[in-house]
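Peer 1: My questions will all concern the structure given below.
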Amino acid sequence: MKVAVLIKQTPDTAELPKVSVAEAQSGDLQATMVINPWDEFAAEEAIDLKERFDFETAAISLGSEGETDALKHALAMGVDSAVLVDERIIDNGDEWTTAEALAEAVKTEGDVALVLTGKMSVDGNSGVIYAGVACKLGWDLLVNVTKVVDIVDGKLIAEQVFEGGQETVEAPLPLVVSVAKEINEPRYPSFMGIRKASRAKIPLLGNDDLRIRPAYASHWRNLVKPERERVQARIFDGDSVEEKAARLADALLAEKVI
C-alpha cells in the first residue's frame, strides 16, 4: 500500500518581518521558497506510517517547472519518491481545478490508499484543497486528525480534535486525511538525506500525463459598495427592566419587526 502526501511550496514566513511595505507592494520581492510548514506535519506522518506499517510513500506538489525545493525537503526527511504537477495544466483555474489536478496525480501513483495533507497553506489559507481532492477521488475525508491510532482490516482508526472535545473515529480506506500540528514533531532532514534529495530527478507531470478538463475559475465582476444606510438609535427608558422590555416590544411591533 502507498501513502501520498500533498506538498506545497510557499514563501518562508520567517522572512516576512524583514519585508517592508514598499517591497511587498512593488511586486519585485524575491522570497525564499520552502515547504509549507503545515505540510511538514503531513510528510512526517507519512514517514511514521511507512516505518510502522512498511508502506511506500510519495510526495506530490503542483507548481512551475523547477519548483522542487519543497519536494526535495520531503525526500530529505525520508519520503520515498516525489512528483511535480506542472501548474500550466490548470491554466489559471481555481481551487477546484487544482484539486482535480492533484487527484489525477494521486491516481498515477498506483496503489494509493491514503492521502495526507496539512491543515492549510500559509500563503492562501483557504484550507479547501484537500476537501476537493477527496471529492474528486470519491474518497471519505477526515480532518483535524491528531493521531493515527492504527490501520487494520482495511480501516484507519484515528483521533480527531474539535472545538470542545476529542473523538476516536474509524473510517474505511481509501481515505484523505488532513492532519493537525499536534499529530507529531517533524524531523530535521539528515545530512545524507539532503545529499540524496539534492541528486533526485523529480518527474514533471503535464497534459500528456494527466486527464484534466478545461480549467475554469470564478471571477467577480462589477463589484460595488452598497449604499450607506442611515440608522437611528433609540434608548427605551423605564422604571424597571420589564417596563423597558415592554416599550422595546411595542416599538418592534410598530415597525413590523416582530
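How things are named: the first chain in the C-alpha cells is A, the next is B, and so on; residues count from 1 in each chain; ligands count from 1 in the order shown.
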Give me the residues within 10 Å of Ala76 in chain A as a list of chain:residue names, counting only C-alpha atoms and dropping any in the same chain fewer than 6 places off.

Peer 2: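 Listed by chain and then number, they are A:Ala70, A:Arg187, A:Tyr188, A:Pro189, A:Ser190, A:Phe191, A:Met192, A:Gly193, A:Ile194, A:Arg195, A:Lys196, A:Ala197, A:Ser198, A:Ala200.
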
Peer 1: Restricting the calculation to only C-alpha atoms, which member of A:Thr32, A:Thr57, A:Asn207, A:Gln232 is positioned closest to Leu6 in chain A?

Peer 2: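 Result for the nearest residue to Leu6 in chain A: A:Thr57.
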
Peer 1: Could you jot down the CA of Glu44 in chain A to CA of Ile90 in chain A separation for me, Å, one decimal place?

Peer 2: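 That distance, rounded to one decimal, is 28.2 Å.
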
Peer 1: Write down as a ChimeraX atom specification the residues belonging to range 17-246 of chain A that are assigned strand (DSSP E) by DSSP computed on the backbone.

Peer 2: /A:33-35,56-63,81-86,112-117,140-152,155-162,165-172,175-179,204-205

Peer 1: When you count only C-alpha atoms, which of these residues is closest to Leu116 in chain A: A:Ala245, A:Val5, A:Val257, A:Leu156?

Peer 2: A:Val5

Peer 1: Smallest atom-to-atom distance to Cys135 in chain A: which of A:Leu75, A:Ala99, A:Ala58, A:Leu252, using only C-alpha atoms?

Peer 2: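 For Cys135 in chain A, the nearest of the given residues is A:Ala99.
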